[in-house]
Amino acid sequence: MPQEFRPTASLDALRARAKLLAFTRRFFDDAGYWEVDTPLMSHERVIDSNIEPFIVPWSATERLYLQTSPEFAMKRLLAVGADAIYQLGKVMRHGELGRLHNPEFTMLEWYRVGDTHVEQMNFVERFVVEFAREAGSLANAEVRNTEAENAANNSDENITRRSALIAQLSAIPFERLTYDQAFERYAGTKVLARSTSDIVALARRLGVSAPESLPTDDRDGWLNLLLAERVEPHLGHDRPTFVFDYPASQAALACVRSEGNVAVAERFELYVNGIELCNGYHELTDATELQSRIQREAAASEKVIPLPTRLLAAMQHGLPPCAGVALGVDRLIMLCLGVNSVREVIPFAFERA
């Protein structure tokens, strides 16, 4: 097609993107972090069975994986003395495509030794607010989409929408809800202490349609379904919202603690207008516990999940107490520029790559 050479984002959007990426590096440099650049190809794959990596054949007997996150490599650096590091670059995930997804996307990931997830929630809040204010300072630059059907992005209505989104992203303090509080508010009940059959019954009572492939004993599957259908759409509309203290079973690489009579993972996510922006952990440092969790995950999913031997060796050597965060840069820029899809802030989205 003659038009397929054109980018999916306007040049004005890409200029704004470049300035925001430069701001991000200045912000982290000023906060005492230093930038690292880890390999895109790895001998070890992600252990989350819900994330599919791209596979690169290397030899007749060996294959490599395109990184879905720089986490494992960055933790190996922490284990040998790095203290506060960040990485701003590309990651790839198979099968993720849509308004908020592109198989290749830009991730900002960082770790600081000595922090907990609570301290990192505070840091995320400060970063997002400053990022939004920087985007607001670029508001006089034209942000025109190259796609004819979205030409209205240059209208007064779009400028007003962009200003409102920037104001929303700058609204402090951000809201903070535990996982149970979010379910109680938007699904009518807390869920962490409930049985799997209770959760299935709740979904059916709320009229949530489940795929036939979802077994009635898959607790996390039903919780994720309810979260996506009844909770997430309501999060972060007045101001950004942190959700924290997730089910212990949903964070293989996070510390777990008892909260009353349930175990919770020291994990958080940030939402704006129902869109997840980042995921943060108080990181697990015990290699034996991680290996046990991986084996349980593999048994539950019936997938072969190779042990990440290099990561485990680093943890055995001594991964210090730390917290880490992964943030979707394309989504944050999308919100700040007031456009409707990440393809409008990526030079060449999947269909034109």
# chains A, B, ... in the order shown; residues from 1 in each chain; ligands from 1
call {"tool": "select_by_dssp", "arguments": {"residues": "segment 153-277 of chain A", "states": "helix (DSSP H, G or I)", "output": "ChimeraX atom specification"}}
result
/A:153-154,156-169,179-187,196-205,219-234,248-250
call {"tool": "write_last_selection", "arguments": {"atoms": "N, CA and C atoms", "output": "short mmCIF file (atom, residue, chain, number, x, y, z; two decimals), in the first residue's frame"}}
result
data_model
loop_
_atom_site.label_atom_id
_atom_site.label_comp_id
_atom_site.auth_asym_id
_atom_site.auth_seq_id
_atom_site.Cartn_x
_atom_site.Cartn_y
_atom_site.Cartn_z
N ASN A 153 -7.82 15.26 16.56
CA ASN A 153 -6.89 15.42 17.69
C ASN A 153 -6.31 16.83 17.75
N ASN A 154 -6.38 17.56 16.63
CA ASN A 154 -5.84 18.91 16.59
C ASN A 154 -6.90 19.96 16.93
N ASP A 156 -9.90 22.09 19.19
CA ASP A 156 -9.95 22.71 20.51
C ASP A 156 -10.38 21.68 21.56
N GLU A 157 -11.27 20.78 21.17
CA GLU A 157 -11.75 19.76 22.10
C GLU A 157 -10.61 18.88 22.56
N ASN A 158 -9.72 18.51 21.62
CA ASN A 158 -8.59 17.67 22.00
C ASN A 158 -7.60 18.41 22.90
N ILE A 159 -7.38 19.70 22.61
CA ILE A 159 -6.49 20.50 23.44
C ILE A 159 -7.03 20.58 24.86
N THR A 160 -8.36 20.75 24.98
CA THR A 160 -9.00 20.80 26.29
C THR A 160 -8.84 19.46 27.00
N ARG A 161 -9.02 18.37 26.26
CA ARG A 161 -8.90 17.03 26.84
C ARG A 161 -7.47 16.79 27.32
N ARG A 162 -6.51 17.22 26.52
CA ARG A 162 -5.10 17.03 26.89
C ARG A 162 -4.78 17.80 28.17
N SER A 163 -5.28 19.02 28.26
CA SER A 163 -5.04 19.83 29.45
C SER A 163 -5.66 19.19 30.68
N ALA A 164 -6.87 18.62 30.50
CA ALA A 164 -7.55 17.98 31.63
C ALA A 164 -6.79 16.74 32.09
N LEU A 165 -6.26 15.97 31.14
CA LEU A 165 -5.50 14.78 31.50
C LEU A 165 -4.22 15.13 32.23
N ILE A 166 -3.54 16.18 31.78
CA ILE A 166 -2.31 16.60 32.45
C ILE A 166 -2.62 17.06 33.86
N ALA A 167 -3.73 17.80 34.03
CA ALA A 167 -4.13 18.24 35.37
C ALA A 167 -4.46 17.04 36.25
N GLN A 168 -5.10 16.04 35.66
CA GLN A 168 -5.46 14.83 36.42
C GLN A 168 -4.20 14.08 36.85
N LEU A 169 -3.23 13.96 35.95
CA LEU A 169 -1.98 13.26 36.28
C LEU A 169 -1.17 14.03 37.32
N TYR A 179 -5.97 -3.93 47.42
CA TYR A 179 -6.70 -4.79 46.47
C TYR A 179 -8.10 -5.09 47.00
N ASP A 180 -8.19 -5.42 48.28
CA ASP A 180 -9.49 -5.71 48.88
C ASP A 180 -10.40 -4.48 48.92
N GLN A 181 -9.83 -3.33 49.22
CA GLN A 181 -10.63 -2.11 49.24
C GLN A 181 -11.18 -1.78 47.86
N ALA A 182 -10.36 -1.99 46.82
CA ALA A 182 -10.82 -1.74 45.45
C ALA A 182 -11.96 -2.67 45.08
N PHE A 183 -11.86 -3.95 45.45
CA PHE A 183 -12.94 -4.89 45.18
C PHE A 183 -14.20 -4.54 45.98
N GLU A 184 -14.01 -4.16 47.23
CA GLU A 184 -15.17 -3.82 48.05
C GLU A 184 -15.91 -2.62 47.47
N ARG A 185 -15.17 -1.65 46.98
CA ARG A 185 -15.80 -0.44 46.44
C ARG A 185 -16.51 -0.70 45.12
N TYR A 186 -15.90 -1.48 44.23
CA TYR A 186 -16.43 -1.58 42.87
C TYR A 186 -17.07 -2.92 42.54
N ALA A 187 -16.82 -3.96 43.36
CA ALA A 187 -17.46 -5.25 43.13
C ALA A 187 -18.34 -5.65 44.30
N THR A 196 -12.54 -19.94 46.44
CA THR A 196 -12.64 -19.86 44.99
C THR A 196 -14.09 -19.97 44.53
N SER A 197 -14.86 -20.84 45.16
CA SER A 197 -16.27 -20.99 44.77
C SER A 197 -17.05 -19.70 45.05
N ASP A 198 -16.71 -18.98 46.13
CA ASP A 198 -17.35 -17.70 46.41
C ASP A 198 -17.02 -16.68 45.32
N ILE A 199 -15.78 -16.69 44.85
CA ILE A 199 -15.36 -15.75 43.82
C ILE A 199 -16.06 -16.04 42.50
N VAL A 200 -16.18 -17.32 42.16
CA VAL A 200 -16.91 -17.71 40.94
C VAL A 200 -18.36 -17.26 41.06
N ALA A 201 -18.97 -17.48 42.23
CA ALA A 201 -20.36 -17.08 42.44
C ALA A 201 -20.52 -15.57 42.33
N LEU A 202 -19.54 -14.82 42.83
CA LEU A 202 -19.58 -13.36 42.74
C LEU A 202 -19.56 -12.92 41.28
N ALA A 203 -18.68 -13.51 40.50
CA ALA A 203 -18.61 -13.16 39.08
C ALA A 203 -19.94 -13.42 38.39
N ARG A 204 -20.54 -14.54 38.67
CA ARG A 204 -21.81 -14.87 38.03
C ARG A 204 -22.92 -13.95 38.51
N ARG A 205 -22.89 -13.59 39.79
CA ARG A 205 -23.91 -12.68 40.32
C ARG A 205 -23.79 -11.30 39.69
N ARG A 219 -8.48 -19.93 40.75
CA ARG A 219 -8.78 -18.76 41.59
C ARG A 219 -8.24 -17.46 40.99
N ASP A 220 -6.96 -17.46 40.61
CA ASP A 220 -6.38 -16.24 40.07
C ASP A 220 -7.02 -15.85 38.74
N GLY A 221 -7.40 -16.84 37.95
CA GLY A 221 -8.07 -16.54 36.69
C GLY A 221 -9.38 -15.80 36.91
N TRP A 222 -10.16 -16.24 37.88
CA TRP A 222 -11.43 -15.58 38.19
C TRP A 222 -11.22 -14.22 38.83
N LEU A 223 -10.21 -14.10 39.70
CA LEU A 223 -9.91 -12.79 40.28
C LEU A 223 -9.49 -11.80 39.20
N ASN A 224 -8.65 -12.25 38.28
CA ASN A 224 -8.21 -11.36 37.20
C ASN A 224 -9.37 -10.96 36.30
N LEU A 225 -10.28 -11.89 36.07
CA LEU A 225 -11.46 -11.58 35.26
C LEU A 225 -12.32 -10.52 35.94
N LEU A 226 -12.57 -10.70 37.22
CA LEU A 226 -13.36 -9.71 37.97
C LEU A 226 -12.64 -8.36 38.02
N LEU A 227 -11.34 -8.41 38.23
CA LEU A 227 -10.56 -7.17 38.26
C LEU A 227 -10.70 -6.41 36.95
N ALA A 228 -10.55 -7.13 35.84
CA ALA A 228 -10.60 -6.48 34.52
C ALA A 228 -12.00 -5.96 34.19
N GLU A 229 -13.03 -6.71 34.58
CA GLU A 229 -14.39 -6.37 34.17
C GLU A 229 -15.10 -5.42 35.13
N ARG A 230 -14.81 -5.53 36.43
CA ARG A 230 -15.61 -4.78 37.40
C ARG A 230 -14.83 -3.78 38.25
N VAL A 231 -13.51 -3.88 38.25
CA VAL A 231 -12.74 -3.00 39.12
C VAL A 231 -11.90 -2.02 38.31
N GLU A 232 -11.02 -2.52 37.45
CA GLU A 232 -10.09 -1.66 36.72
C GLU A 232 -10.76 -0.51 35.97
N PRO A 233 -11.90 -0.73 35.30
CA PRO A 233 -12.50 0.39 34.55
C PRO A 233 -12.83 1.61 35.39
N HIS A 234 -12.95 1.44 36.71
CA HIS A 234 -13.33 2.55 37.59
C HIS A 234 -12.15 3.25 38.22
N ALA A 248 -1.12 -13.06 47.23
CA ALA A 248 0.26 -13.57 47.26
C ALA A 248 0.57 -14.43 46.06
N SER A 249 -0.44 -15.06 45.49
CA SER A 249 -0.24 -15.95 44.35
C SER A 249 0.00 -15.20 43.05
N GLN A 250 -0.12 -13.86 43.06
CA GLN A 250 -0.02 -13.09 41.82
C GLN A 250 1.24 -12.25 41.74
#
call {"tool": "closest_atom_pairs", "arguments": {"of": "segment 309-334 of chain A", "to": "segment 251-272 of chain A", "cutoff": "10 Å", "atoms": "only C-alpha atoms", "output": "JSON lines"}}
result
{"residue": "A:Pro321", "atom": "CA", "partner": "A:Cys255", "partner_atom": "CA", "distance": 9.9}
{"residue": "A:Ala323", "atom": "CA", "partner": "A:Ala254", "partner_atom": "CA", "distance": 8.9}
{"residue": "A:Gly324", "atom": "CA", "partner": "A:Ala254", "partner_atom": "CA", "distance": 9.6}
{"residue": "A:Val325", "atom": "CA", "partner": "A:Phe268", "partner_atom": "CA", "distance": 9.0}
{"residue": "A:Ala326", "atom": "CA", "partner": "A:Glu269", "partner_atom": "CA", "distance": 9.6}
{"residue": "A:Leu327", "atom": "CA", "partner": "A:Leu270", "partner_atom": "CA", "distance": 9.1}
{"residue": "A:Arg331", "atom": "CA", "partner": "A:Val272", "partner_atom": "CA", "distance": 9.9}
{"residue": "A:Leu332", "atom": "CA", "partner": "A:Val272", "partner_atom": "CA", "distance": 9.2}
call {"tool": "write_last_selection", "arguments": {"atoms": "C-alpha atoms", "output": "PDB file, in the first residue's frame"}}
result
ATOM      1  CA  PRO A 321      16.702  -5.798  49.882  1.00  0.00           C
ATOM      2  CA  ALA A 323      12.175  -2.410  45.337  1.00  0.00           C
ATOM      3  CA  GLY A 324      11.615  -2.194  41.607  1.00  0.00           C
ATOM      4  CA  VAL A 325       9.097  -0.695  39.208  1.00  0.00           C
ATOM      5  CA  ALA A 326       8.269  -1.226  35.524  1.00  0.00           C
ATOM      6  CA  LEU A 327       6.349   1.553  33.756  1.00  0.00           C
ATOM      7  CA  ARG A 331       0.933   4.668  27.700  1.00  0.00           C
ATOM      8  CA  LEU A 332       2.114   7.555  29.854  1.00  0.00           C
TER       9      LEU A 332
END
call {"tool": "closest_residue", "arguments": {"among": "A:Glu119, A:Glu130, A:Asp330, A:Asp245", "to": "Ile275 of chain A", "atoms": "only C-alpha atoms"}}
result
A:Asp330
call {"tool": "atom_distance", "arguments": {"atom1": "atom CA of Gly280 of chain A", "atom2": "atom CA of Leu319 of chain A"}}
result
17.0 Å
call {"tool": "select_by_dssp", "arguments": {"residues": "segment 4-232 of chain A", "states": "strand (DSSP E)", "output": "PyMOL selection string"}}
result
chain A and resi 34-35+41-42+55-57+63-66+84-92+104-113+175-178
call {"tool": "write_last_selection", "arguments": {"atoms": "C-alpha atoms", "output": "PDB file, in the first residue's frame"}}
result
ATOM      1  CA  TRP A  34      22.312   5.618  36.783  1.00  0.00           C
ATOM      2  CA  GLU A  35      21.285   4.171  33.442  1.00  0.00           C
ATOM      3  CA  MET A  41      18.381 -11.411  23.911  1.00  0.00           C
ATOM      4  CA  SER A  42      18.655 -13.675  26.920  1.00  0.00           C
ATOM      5  CA  ILE A  55      11.875 -17.027  20.683  1.00  0.00           C
ATOM      6  CA  VAL A  56      15.070 -16.617  18.652  1.00  0.00           C
ATOM      7  CA  PRO A  57      16.643 -19.820  17.244  1.00  0.00           C
ATOM      8  CA  ARG A  63      17.231 -20.888  21.561  1.00  0.00           C
ATOM      9  CA  LEU A  64      17.262 -17.419  23.054  1.00  0.00           C
ATOM     10  CA  TYR A  65      14.435 -15.152  24.214  1.00  0.00           C
ATOM     11  CA  LEU A  66      13.803 -11.505  23.398  1.00  0.00           C
ATOM     12  CA  ALA A  84      20.063   2.607  42.120  1.00  0.00           C
ATOM     13  CA  ILE A  85      19.688   1.832  38.412  1.00  0.00           C
ATOM     14  CA  TYR A  86      17.200   2.395  35.614  1.00  0.00           C
ATOM     15  CA  GLN A  87      16.732   1.267  32.049  1.00  0.00           C
ATOM     16  CA  LEU A  88      14.739   3.020  29.321  1.00  0.00           C
ATOM     17  CA  GLY A  89      14.385   0.873  26.246  1.00  0.00           C
ATOM     18  CA  LYS A  90      12.539  -1.684  24.171  1.00  0.00           C
ATOM     19  CA  VAL A  91      10.944  -4.899  25.356  1.00  0.00           C
ATOM     20  CA  MET A  92       8.930  -7.436  23.352  1.00  0.00           C
ATOM     21  CA  GLU A 104       7.435  -4.038  20.820  1.00  0.00           C
ATOM     22  CA  PHE A 105       7.128  -1.213  23.320  1.00  0.00           C
ATOM     23  CA  THR A 106       9.180   1.110  25.506  1.00  0.00           C
ATOM     24  CA  MET A 107       9.551   0.245  29.165  1.00  0.00           C
ATOM     25  CA  LEU A 108      11.098   2.259  31.953  1.00  0.00           C
ATOM     26  CA  GLU A 109      12.283  -0.049  34.710  1.00  0.00           C
ATOM     27  CA  TRP A 110      14.203   0.862  37.837  1.00  0.00           C
ATOM     28  CA  TYR A 111      15.451  -0.549  41.153  1.00  0.00           C
ATOM     29  CA  ARG A 112      16.727   1.039  44.335  1.00  0.00           C
ATOM     30  CA  VAL A 113      18.470  -0.883  47.107  1.00  0.00           C
ATOM     31  CA  GLU A 175      -5.388   7.768  45.757  1.00  0.00           C
ATOM     32  CA  ARG A 176      -4.252   4.550  47.456  1.00  0.00           C
ATOM     33  CA  LEU A 177      -6.471   1.478  47.783  1.00  0.00           C
ATOM     34  CA  THR A 178      -5.623  -2.040  48.860  1.00  0.00           C
TER      35      THR A 178
END
call {"tool": "residues_around", "arguments": {"residues": "segment 346-350 of chain A", "least_positions_apart": "6", "cutoff": "6 Å", "atoms": "only C-alpha atoms", "output": "list of chain:residue names"}}
result
A:Pro7, A:Thr8, A:Ala9
call {"tool": "closest_atom_pairs", "arguments": {"of": "segment 270-344 of chain A", "to": "segment 11-20 of chain A", "cutoff": "9 Å", "atoms": "only C-alpha atoms", "output": "CSV"}}
result
residue,atom,partner,partner_atom,distance
A:Asp330,CA,A:Arg17,CA,8.9
A:Ile333,CA,A:Arg17,CA,6.9
A:Leu337,CA,A:Ala13,CA,7.6
A:Glu344,CA,A:Ala13,CA,7.7
call {"tool": "write_last_selection", "arguments": {"atoms": "C-alpha atoms", "output": "compact mmCIF listing (two decimals), in the first residue's frame"}}
result
# COMPACT_ATOMS: atom_id res chain seq x y z
CA ASP A 330 4.10 4.69 25.58
CA ILE A 333 3.01 9.64 26.79
CA LEU A 337 -0.61 14.01 24.72
CA GLU A 344 -0.18 7.51 17.96
call {"tool": "closest_residue", "arguments": {"among": "A:Phe242, A:Trp58, A:Phe131, A:Tyr33", "to": "Asp83 of chain A", "atoms": "only C-alpha atoms"}}
result
A:Tyr33
call {"tool": "atom_distance", "arguments": {"atom1": "atom CA of Glu4 of chain A", "atom2": "atom CA of Leu138 of chain A"}}
result
28.6 Å
call {"tool": "closest_residue", "arguments": {"among": "A:Leu97, A:Met334, A:Ala60, A:Ile172", "to": "Asn122 of chain A", "atoms": "only C-alpha atoms"}}
result
A:Ile172
call {"tool": "closest_residue", "arguments": {"among": "A:Leu214, A:Val342, A:Leu192, A:Leu284", "to": "Gln316 of chain A", "atoms": "only C-alpha atoms"}}
result
A:Leu284
call {"tool": "atom_distance", "arguments": {"atom1": "atom CA of Gly236 of chain A", "atom2": "atom CA of Leu335 of chain A"}}
result
12.3 Å
call {"tool": "decode", "arguments": {"residues": "segment 203-243 of chain A", "atoms": "N, CA and C atoms", "output": "PDB file, in the first residue's frame"}}
result
ATOM      1  N   ALA A 203     -18.683 -13.514  40.500  1.00  0.00           N
ATOM      2  CA  ALA A 203     -18.606 -13.157  39.079  1.00  0.00           C
ATOM      3  C   ALA A 203     -19.938 -13.417  38.386  1.00  0.00           C
ATOM      4  N   ARG A 204     -20.542 -14.538  38.674  1.00  0.00           N
ATOM      5  CA  ARG A 204     -21.813 -14.866  38.026  1.00  0.00           C
ATOM      6  C   ARG A 204     -22.924 -13.945  38.506  1.00  0.00           C
ATOM      7  N   ARG A 205     -22.885 -13.589  39.788  1.00  0.00           N
ATOM      8  CA  ARG A 205     -23.906 -12.684  40.318  1.00  0.00           C
ATOM      9  C   ARG A 205     -23.785 -11.296  39.686  1.00  0.00           C
ATOM     10  N   LEU A 206     -22.570 -10.889  39.372  1.00  0.00           N
ATOM     11  CA  LEU A 206     -22.350  -9.590  38.747  1.00  0.00           C
ATOM     12  C   LEU A 206     -22.506  -9.625  37.233  1.00  0.00           C
ATOM     13  N   GLY A 207     -22.830 -10.799  36.698  1.00  0.00           N
ATOM     14  CA  GLY A 207     -23.042 -10.915  35.266  1.00  0.00           C
ATOM     15  C   GLY A 207     -21.782 -10.889  34.434  1.00  0.00           C
ATOM     16  N   VAL A 208     -20.674 -11.286  35.035  1.00  0.00           N
ATOM     17  CA  VAL A 208     -19.404 -11.319  34.309  1.00  0.00           C
ATOM     18  C   VAL A 208     -19.308 -12.613  33.524  1.00  0.00           C
ATOM     19  N   SER A 209     -19.148 -12.504  32.225  1.00  0.00           N
ATOM     20  CA  SER A 209     -19.054 -13.687  31.369  1.00  0.00           C
ATOM     21  C   SER A 209     -17.628 -14.218  31.360  1.00  0.00           C
ATOM     22  N   ALA A 210     -17.502 -15.494  31.626  1.00  0.00           N
ATOM     23  CA  ALA A 210     -16.179 -16.131  31.649  1.00  0.00           C
ATOM     24  C   ALA A 210     -15.996 -16.989  30.410  1.00  0.00           C
ATOM     25  N   PRO A 211     -14.786 -17.030  29.861  1.00  0.00           N
ATOM     26  CA  PRO A 211     -14.539 -17.935  28.731  1.00  0.00           C
ATOM     27  C   PRO A 211     -14.690 -19.384  29.169  1.00  0.00           C
ATOM     28  N   GLU A 212     -15.109 -20.227  28.270  1.00  0.00           N
ATOM     29  CA  GLU A 212     -15.302 -21.646  28.594  1.00  0.00           C
ATOM     30  C   GLU A 212     -14.007 -22.307  29.030  1.00  0.00           C
ATOM     31  N   SER A 213     -12.894 -21.749  28.603  1.00  0.00           N
ATOM     32  CA  SER A 213     -11.592 -22.339  28.939  1.00  0.00           C
ATOM     33  C   SER A 213     -11.152 -22.045  30.372  1.00  0.00           C
ATOM     34  N   LEU A 214     -11.896 -21.198  31.096  1.00  0.00           N
ATOM     35  CA  LEU A 214     -11.506 -20.845  32.460  1.00  0.00           C
ATOM     36  C   LEU A 214     -12.073 -21.855  33.446  1.00  0.00           C
ATOM     37  N   PRO A 215     -11.216 -22.686  34.064  1.00  0.00           N
ATOM     38  CA  PRO A 215     -11.709 -23.701  35.006  1.00  0.00           C
ATOM     39  C   PRO A 215     -12.283 -23.051  36.267  1.00  0.00           C
ATOM     40  N   THR A 216     -13.244 -23.703  36.859  1.00  0.00           N
ATOM     41  CA  THR A 216     -13.871 -23.144  38.059  1.00  0.00           C
ATOM     42  C   THR A 216     -12.954 -23.205  39.285  1.00  0.00           C
ATOM     43  N   ASP A 217     -11.824 -23.918  39.182  1.00  0.00           N
ATOM     44  CA  ASP A 217     -10.893 -23.964  40.307  1.00  0.00           C
ATOM     45  C   ASP A 217      -9.685 -23.046  40.112  1.00  0.00           C
ATOM     46  N   ASP A 218      -9.703 -22.233  39.043  1.00  0.00           N
ATOM     47  CA  ASP A 218      -8.602 -21.302  38.767  1.00  0.00           C
ATOM     48  C   ASP A 218      -8.882 -19.985  39.496  1.00  0.00           C
ATOM     49  N   ARG A 219      -8.477 -19.928  40.745  1.00  0.00           N
ATOM     50  CA  ARG A 219      -8.779 -18.763  41.587  1.00  0.00           C
ATOM     51  C   ARG A 219      -8.242 -17.462  40.986  1.00  0.00           C
ATOM     52  N   ASP A 220      -6.963 -17.458  40.609  1.00  0.00           N
ATOM     53  CA  ASP A 220      -6.382 -16.236  40.068  1.00  0.00           C
ATOM     54  C   ASP A 220      -7.018 -15.845  38.737  1.00  0.00           C
ATOM     55  N   GLY A 221      -7.396 -16.836  37.955  1.00  0.00           N
ATOM     56  CA  GLY A 221      -8.067 -16.538  36.692  1.00  0.00           C
ATOM     57  C   GLY A 221      -9.377 -15.798  36.912  1.00  0.00           C
ATOM     58  N   TRP A 222     -10.156 -16.236  37.885  1.00  0.00           N
ATOM     59  CA  TRP A 222     -11.433 -15.582  38.189  1.00  0.00           C
ATOM     60  C   TRP A 222     -11.218 -14.219  38.831  1.00  0.00           C
ATOM     61  N   LEU A 223     -10.214 -14.104  39.703  1.00  0.00           N
ATOM     62  CA  LEU A 223      -9.914 -12.795  40.285  1.00  0.00           C
ATOM     63  C   LEU A 223      -9.486 -11.804  39.203  1.00  0.00           C
ATOM     64  N   ASN A 224      -8.653 -12.245  38.277  1.00  0.00           N
ATOM     65  CA  ASN A 224      -8.208 -11.362  37.204  1.00  0.00           C
ATOM     66  C   ASN A 224      -9.371 -10.959  36.303  1.00  0.00           C
ATOM     67  N   LEU A 225     -10.276 -11.887  36.070  1.00  0.00           N
ATOM     68  CA  LEU A 225     -11.457 -11.582  35.260  1.00  0.00           C
ATOM     69  C   LEU A 225     -12.316 -10.517  35.937  1.00  0.00           C
ATOM     70  N   LEU A 226     -12.575 -10.703  37.222  1.00  0.00           N
ATOM     71  CA  LEU A 226     -13.355  -9.710  37.967  1.00  0.00           C
ATOM     72  C   LEU A 226     -12.642  -8.362  38.022  1.00  0.00           C
ATOM     73  N   LEU A 227     -11.339  -8.407  38.225  1.00  0.00           N
ATOM     74  CA  LEU A 227     -10.560  -7.167  38.264  1.00  0.00           C
ATOM     75  C   LEU A 227     -10.704  -6.405  36.947  1.00  0.00           C
ATOM     76  N   ALA A 228     -10.547  -7.125  35.838  1.00  0.00           N
ATOM     77  CA  ALA A 228     -10.603  -6.480  34.521  1.00  0.00           C
ATOM     78  C   ALA A 228     -11.999  -5.963  34.188  1.00  0.00           C
ATOM     79  N   GLU A 229     -13.025  -6.705  34.583  1.00  0.00           N
ATOM     80  CA  GLU A 229     -14.389  -6.366  34.172  1.00  0.00           C
ATOM     81  C   GLU A 229     -15.095  -5.416  35.134  1.00  0.00           C
ATOM     82  N   ARG A 230     -14.813  -5.525  36.430  1.00  0.00           N
ATOM     83  CA  ARG A 230     -15.614  -4.783  37.403  1.00  0.00           C
ATOM     84  C   ARG A 230     -14.834  -3.781  38.253  1.00  0.00           C
ATOM     85  N   VAL A 231     -13.512  -3.882  38.248  1.00  0.00           N
ATOM     86  CA  VAL A 231     -12.738  -2.997  39.119  1.00  0.00           C
ATOM     87  C   VAL A 231     -11.897  -2.016  38.311  1.00  0.00           C
ATOM     88  N   GLU A 232     -11.024  -2.520  37.452  1.00  0.00           N
ATOM     89  CA  GLU A 232     -10.092  -1.658  36.721  1.00  0.00           C
ATOM     90  C   GLU A 232     -10.760  -0.507  35.969  1.00  0.00           C
ATOM     91  N   PRO A 233     -11.904  -0.725  35.303  1.00  0.00           N
ATOM     92  CA  PRO A 233     -12.495   0.392  34.550  1.00  0.00           C
ATOM     93  C   PRO A 233     -12.826   1.607  35.392  1.00  0.00           C
ATOM     94  N   HIS A 234     -12.948   1.438  36.711  1.00  0.00           N
ATOM     95  CA  HIS A 234     -13.335   2.549  37.588  1.00  0.00           C
ATOM     96  C   HIS A 234     -12.145   3.252  38.224  1.00  0.00           C
ATOM     97  N   LEU A 235     -10.949   2.718  38.046  1.00  0.00           N
ATOM     98  CA  LEU A 235      -9.792   3.217  38.791  1.00  0.00           C
ATOM     99  C   LEU A 235      -9.145   4.430  38.123  1.00  0.00           C
ATOM    100  N   GLY A 236      -8.796   5.412  38.935  1.00  0.00           N
ATOM    101  CA  GLY A 236      -7.970   6.519  38.480  1.00  0.00           C
ATOM    102  C   GLY A 236      -8.654   7.560  37.625  1.00  0.00           C
ATOM    103  N   HIS A 237      -9.947   7.770  37.806  1.00  0.00           N
ATOM    104  CA  HIS A 237     -10.643   8.752  36.966  1.00  0.00           C
ATOM    105  C   HIS A 237     -10.596  10.163  37.536  1.00  0.00           C
ATOM    106  N   ASP A 238     -10.683  10.317  38.832  1.00  0.00           N
ATOM    107  CA  ASP A 238     -10.568  11.647  39.420  1.00  0.00           C
ATOM    108  C   ASP A 238      -9.113  12.037  39.611  1.00  0.00           C
ATOM    109  N   ARG A 239      -8.315  11.081  40.018  1.00  0.00           N
ATOM    110  CA  ARG A 239      -6.876  11.266  40.187  1.00  0.00           C
ATOM    111  C   ARG A 239      -6.234   9.897  40.061  1.00  0.00           C
ATOM    112  N   PRO A 240      -4.937   9.814  39.780  1.00  0.00           N
ATOM    113  CA  PRO A 240      -4.283   8.509  39.676  1.00  0.00           C
ATOM    114  C   PRO A 240      -4.483   7.692  40.948  1.00  0.00           C
ATOM    115  N   THR A 241      -4.640   6.379  40.772  1.00  0.00           N
ATOM    116  CA  THR A 241      -4.938   5.485  41.895  1.00  0.00           C
ATOM    117  C   THR A 241      -3.939   4.345  41.962  1.00  0.00           C
ATOM    118  N   PHE A 242      -3.308   4.197  43.127  1.00  0.00           N
ATOM    119  CA  PHE A 242      -2.482   3.028  43.401  1.00  0.00           C
ATOM    120  C   PHE A 242      -3.372   1.928  43.983  1.00  0.00           C
ATOM    121  N   VAL A 243      -3.199   0.705  43.491  1.00  0.00           N
ATOM    122  CA  VAL A 243      -3.769  -0.483  44.117  1.00  0.00           C
ATOM    123  C   VAL A 243      -2.589  -1.310  44.611  1.00  0.00           C
TER     124      VAL A 243
END
